[in-house]
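Q: Just query23.tsv, nothing more (TSV, C-alpha atoms):
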```
chain	number	residue	atom	x	y	z
D	1	MET	CA	9.96	52.76	-18.70
D	2	ASP	CA	11.66	50.91	-15.85
D	3	LYS	CA	14.59	48.76	-17.04
D	4	HIS	CA	13.66	45.86	-14.78
D	5	TYR	CA	10.15	45.80	-16.25
D	6	LEU	CA	11.53	46.12	-19.80
D	7	ARG	CA	13.82	43.14	-19.27
D	8	SER	CA	10.95	41.00	-18.08
D	9	LEU	CA	8.61	42.14	-20.87
D	10	MET	CA	11.13	41.52	-23.65
D	11	LYS	CA	12.07	38.09	-22.35
D	12	GLU	CA	8.35	37.17	-22.42
D	13	LYS	CA	7.98	38.51	-25.96
D	14	ARG	CA	10.98	36.48	-27.15
D	15	LEU	CA	9.53	33.33	-25.59
D	16	ALA	CA	6.26	33.94	-27.46
D	17	LEU	CA	7.95	33.61	-30.88
D	18	THR	CA	7.03	30.44	-32.71
D	19	PRO	CA	10.00	28.32	-33.81
D	20	GLN	CA	9.18	29.14	-37.45
D	21	THR	CA	9.10	32.90	-36.84
D	22	PHE	CA	12.26	32.72	-34.73
D	23	SER	CA	14.06	30.88	-37.54
D	24	LEU	CA	12.81	33.28	-40.23
D	25	TYR	CA	13.82	36.38	-38.24
D	26	ASN	CA	17.25	34.92	-37.55
D	27	GLN	CA	17.81	34.13	-41.22
D	28	LYS	CA	16.94	37.72	-42.18
D	29	ILE	CA	19.26	39.13	-39.52
D	30	LEU	CA	22.07	36.78	-40.58
D	31	SER	CA	21.81	38.01	-44.18
D	32	LYS	CA	21.87	41.65	-43.10
D	33	VAL	CA	24.88	41.12	-40.83
D	34	LEU	CA	26.90	39.33	-43.50
D	35	LEU	CA	26.19	42.06	-46.08
D	36	HIS	CA	26.80	44.98	-43.69
D	37	PRO	CA	29.65	47.24	-44.88
D	38	GLN	CA	31.18	47.49	-41.39
D	39	ILE	CA	31.27	43.69	-41.10
D	40	GLN	CA	32.67	43.28	-44.60
D	41	LYS	CA	35.54	45.71	-44.02
D	42	ALA	CA	36.32	44.57	-40.45
D	43	GLN	CA	39.28	42.31	-39.80
D	44	THR	CA	38.48	41.54	-36.16
D	45	ILE	CA	34.87	41.14	-35.04
D	46	GLY	CA	33.71	40.77	-31.46
D	47	CYS	CA	30.52	38.76	-31.08
D	48	TYR	CA	28.46	37.55	-28.17
D	49	VAL	CA	27.56	33.87	-27.99
D	50	SER	CA	23.79	33.75	-28.00
D	51	LEU	CA	21.49	32.21	-25.46
D	52	PRO	CA	18.49	30.16	-26.72
D	53	GLN	CA	15.99	33.03	-27.14
D	54	GLU	CA	18.44	35.69	-28.36
D	55	VAL	CA	19.25	36.52	-31.95
D	56	ASP	CA	21.25	33.46	-33.01
D	57	THR	CA	24.96	34.26	-33.34
D	58	PHE	CA	26.13	30.70	-33.91
D	59	LYS	CA	25.37	30.89	-37.64
D	60	ILE	CA	26.88	34.37	-37.82
D	61	ILE	CA	30.09	33.17	-36.18
D	62	GLN	CA	30.26	30.08	-38.41
D	63	ALA	CA	29.76	32.19	-41.54
D	64	LEU	CA	32.44	34.72	-40.54
D	65	LEU	CA	35.11	32.37	-39.17
D	66	PRO	CA	36.65	31.48	-42.57
D	67	SER	CA	37.34	35.12	-43.49
D	68	LYS	CA	37.47	37.12	-40.24
D	69	GLN	CA	39.18	36.98	-36.87
D	70	ILE	CA	36.33	36.32	-34.43
D	71	CYS	CA	36.59	36.96	-30.72
D	72	VAL	CA	34.00	36.23	-28.05
D	73	PRO	CA	33.62	37.37	-24.44
D	74	LYS	CA	34.64	35.73	-21.22
D	75	VAL	CA	33.50	37.19	-17.89
D	76	ARG	CA	36.27	37.91	-15.37
D	77	GLY	CA	34.74	39.21	-12.16
D	78	GLU	CA	33.10	42.56	-12.91
D	79	ASP	CA	34.56	42.79	-16.42
D	80	MET	CA	34.75	40.80	-19.60
D	81	GLU	CA	37.59	40.11	-22.00
D	82	PHE	CA	37.49	38.91	-25.60
D	83	TYR	CA	39.41	35.90	-26.90
D	84	VAL	CA	39.95	34.72	-30.46
D	85	ILE	CA	38.24	31.49	-31.45
D	86	HIS	CA	38.79	29.40	-34.58
D	87	SER	CA	35.81	27.09	-34.07
D	88	LEU	CA	32.62	26.83	-32.06
D	89	ASP	CA	34.24	23.76	-30.49
D	90	GLU	CA	36.45	26.17	-28.51
D	91	LEU	CA	33.49	27.20	-26.33
D	92	GLN	CA	32.34	25.74	-23.03
D	93	PRO	CA	29.73	26.78	-20.43
D	94	GLY	CA	30.91	29.67	-18.29
D	95	CYS	CA	29.47	32.55	-16.32
D	96	PHE	CA	25.63	32.71	-16.31
D	97	HIS	CA	25.59	29.45	-18.36
D	98	VAL	CA	26.80	31.36	-21.43
D	99	LEU	CA	29.32	29.58	-23.64
D	100	GLU	CA	32.76	31.15	-23.24
D	101	PRO	CA	36.07	30.67	-25.04
D	102	VAL	CA	38.64	28.22	-23.72
D	103	THR	CA	41.33	29.78	-25.90
D	104	SER	CA	44.13	32.03	-24.65
D	105	GLN	CA	44.60	34.65	-27.40
D	106	LEU	CA	43.35	37.82	-25.67
D	107	ILE	CA	42.23	40.71	-27.88
D	108	GLN	CA	42.45	44.27	-26.56
D	109	PRO	CA	39.41	46.58	-27.01
D	110	HIS	CA	41.22	48.83	-29.52
D	111	GLN	CA	41.93	45.80	-31.75
D	112	ILE	CA	38.24	45.04	-32.41
D	113	ASP	CA	36.90	46.72	-35.55
D	114	CYS	CA	33.24	45.84	-35.07
D	115	MET	CA	31.23	44.43	-32.17
D	116	LEU	CA	27.93	42.51	-32.35
D	117	VAL	CA	26.12	43.27	-29.11
D	118	PRO	CA	23.20	41.52	-27.34
D	119	LEU	CA	20.26	43.48	-26.01
D	120	LEU	CA	16.80	43.12	-24.56
D	121	ALA	CA	15.44	46.50	-25.73
D	122	TYR	CA	16.61	49.51	-27.75
D	123	ASP	CA	15.37	52.98	-28.63
D	124	HIS	CA	15.64	55.53	-31.47
D	125	GLN	CA	18.96	56.84	-30.11
D	126	ASN	CA	20.38	53.29	-30.11
D	127	TYR	CA	20.58	53.10	-26.34
D	128	ARG	CA	20.07	49.53	-25.19
D	129	VAL	CA	18.87	47.65	-22.18
D	130	GLY	CA	21.03	44.63	-21.54
D	131	TYR	CA	20.84	42.11	-18.76
D	132	GLY	CA	21.76	44.63	-16.08
D	133	LYS	CA	25.35	43.77	-15.24
D	134	GLY	CA	26.96	46.55	-17.32
D	135	TYR	CA	29.64	44.38	-18.91
D	136	TYR	CA	29.36	45.88	-22.41
D	137	ASP	CA	29.07	49.48	-21.22
D	138	ARG	CA	32.21	49.07	-19.11
D	139	TYR	CA	34.02	47.35	-21.98
D	140	PHE	CA	33.16	50.15	-24.40
D	141	GLN	CA	34.59	52.72	-22.00
D	142	HIS	CA	38.05	51.08	-22.09
D	143	HIS	CA	39.60	52.23	-25.37
D	144	PHE	CA	37.00	50.57	-27.59
D	145	ASN	CA	36.75	52.56	-30.82
D	146	GLY	CA	35.07	49.97	-33.03
D	147	TYR	CA	31.63	50.06	-34.59
D	148	LYS	CA	28.88	48.77	-32.27
D	149	ILE	CA	25.95	46.88	-33.81
D	150	GLY	CA	23.11	45.62	-31.66
D	151	LEU	CA	21.25	42.52	-32.81
D	152	ALA	CA	17.55	42.44	-32.00
D	153	PHE	CA	14.07	41.57	-33.10
D	154	SER	CA	11.98	44.55	-34.17
D	155	PHE	CA	9.50	44.06	-31.30
D	156	GLN	CA	12.34	44.88	-28.88
D	157	TYR	CA	12.14	48.56	-29.92
D	158	VAL	CA	10.79	51.01	-27.34
D	159	ASP	CA	10.25	54.76	-27.67
D	160	ARG	CA	12.72	55.79	-25.02
D	161	ILE	CA	15.19	54.21	-22.65
D	162	ASP	CA	16.29	56.09	-19.58
D	163	TYR	CA	20.06	56.15	-19.68
D	164	ASP	CA	22.80	57.53	-17.44
D	165	GLN	CA	26.42	58.60	-17.90
D	166	TYR	CA	27.59	54.97	-17.89
D	167	ASP	CA	25.34	53.80	-20.71
D	168	GLN	CA	27.00	53.66	-24.12
D	169	PRO	CA	24.83	53.97	-27.26
D	170	LEU	CA	25.30	51.62	-30.18
D	171	ASN	CA	26.08	52.88	-33.67
D	172	GLU	CA	23.04	51.01	-34.98
D	173	VAL	CA	20.71	48.09	-34.42
D	174	ILE	CA	20.05	45.38	-36.99
D	175	HIS	CA	16.72	43.56	-36.81
D	176	GLU	CA	14.65	41.52	-39.22
D	177	MET	CA	12.78	44.59	-40.53
D	178	SER	CA	15.70	47.04	-40.91
```
Would you write the structure of this file as structure tokens?
A:
Amino acid sequence: MDKHYLRSLMKEKRLALTPQTFSLYNQKILSKVLLHPQIQKAQTIGCYVSLPQEVDTFKIIQALLPSKQICVPKVRGEDMEFYVIHSLDELQPGCFHVLEPVTSQLIQPHQIDCMLVPLLAYDHQNYRVGYGKGYYDRYFQHHFNGYKIGLAFSFQYVDRIDYDQYDQPLNEVIHEMS
């Protein structure tokens, strides 16, 4: 299936969720993330800052901040870097209207134990379709050895995603049904 079409389809499906269903799914995903062995043993966790229709990471970040070092991405040209935050107040609108850190403590890829990754679609091999800019795939190619967890809703699953040599599979995907 064409990635452009998949992106459009999955955005429409996310918009079709009722607020009640969206909230319920997010609560289930939050519980699974917090209980996940890789999250529990990680010291430094990279996490995207969610957009309105994505799996909500604000509650995940808030729940993890007291016990974990949390870093979030900031886009720099064609790449992204991760910076430690101590509070959601350390975020401001940045590239593509996504909240980005205003802090200065840069974390290198090899320092992140576990990464929570956004996606629009995923398949049985844990390949993902993102937003098409390749930021995460490029980041994972630069000495990232941590565990990669995609966060999704179960309806974002597709049988097969066409991938190329640049696409990096996730270790697993957590959704409300998993």
Q: Which residue out of D:Asp113, D:Glu100, D:Asp89, D:Asp162 has the minimum interatomic distance to Lys68 of chain D when only C-alpha atoms are used?
A: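 Smallest separation from Lys68 of chain D among the options: D:Asp113.
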Q: Take the point (26.9, 33.1, -35.3) in the file's coordinates, draw a sphere of radius 12 Å around it, and report as an MDAnalysis selection string every protein, DNA or RNA residue with an atom inside or on it, counting all atoms listed in the file.
A: chainID D and resid 26:27 29:31 33:34 45:51 54:65 70:72 87:88 116:117 151
Q: From the options D:His143, D:Ile85, D:Leu35, D:Gln53, which residue's atoms come nearest to Ile174 of chain D, counting all atoms listed in the file?
A: D:Leu35
Q: Considering all atoms listed in the file, can you say which of D:Pro19, D:Lys28, D:Thr44, D:Tyr135 comes closest to Pro73 of chain D?
A: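 So, comparing all the options, the nearest one is D:Tyr135.
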Q: Identify, on the basis of only C-alpha atoms, every residue whose closest approach to Cys114 of chain D does not exceed 6 Å; exclude the query and any residue fewer than 4 positions from it along the same chain; express the result as number ranges by chain.
A: D: 45, 146-148
Q: Any idea what the distance is between atom CA of Ser8 of chain D and atom CA of Gly132 of chain D?
A: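 Going from atom CA of Ser8 of chain D over to atom CA of Gly132 of chain D, I get 11.6 Å.
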Q: Expressed in Å to a single decimal, how great is the separation between atom CA of Gln20 of chain D and atom CA of Gly130 of chain D?
A: 25.2 Å
Q: Separation of atom CA of Glu81 of chain D and atom CA of Leu106 of chain D, in Å?
A: 7.2 Å
Q: Looking at only C-alpha atoms, which of D:Val75, D:Val173, D:Val129, D:Leu17 is the one that sits closest to Pro93 of chain D?
A: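 Closest candidate: D:Val75.
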Q: Using only C-alpha atoms for the distances, tell me which of D:Gln165, D:Gln69, D:Ser23, D:Glu176 is nearest to Gln40 of chain D.
A: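 Among the listed residues, D:Gln69 lies closest to Gln40 of chain D.
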Q: So, counting all atoms listed in the file, which residue among D:Lys13, D:His110, D:Arg160, D:His142 is closest to Asp123 of chain D?
A: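 Closest to Asp123 of chain D of all the choices is D:Arg160.
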Q: Show me, as a list of chain:residue names, the residues that have an atom within 10 Å of Leu6 of chain D when counting all atoms listed in the file, minus same-chain residues fewer than 5 positions from it.
A: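 Counting only the stated atoms, we get D:Met1, D:Lys11, D:Glu12, D:Leu120, D:Ala121, D:Val129, D:Gly130, D:Gln156, D:Val158, D:Ile161.
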Q: Given 4 Å of margin on each side, can you work out the centre and size in Å (one decimal) of an axis-aligned box holding every listed atom of segment 129-145 of chain D, as lines of an AutoDock Vina configuration file?
A:
```
center_x = 29.2
center_y = 47.4
center_z = -23.0
size_x = 28.7
size_y = 18.6
size_z = 23.6
```
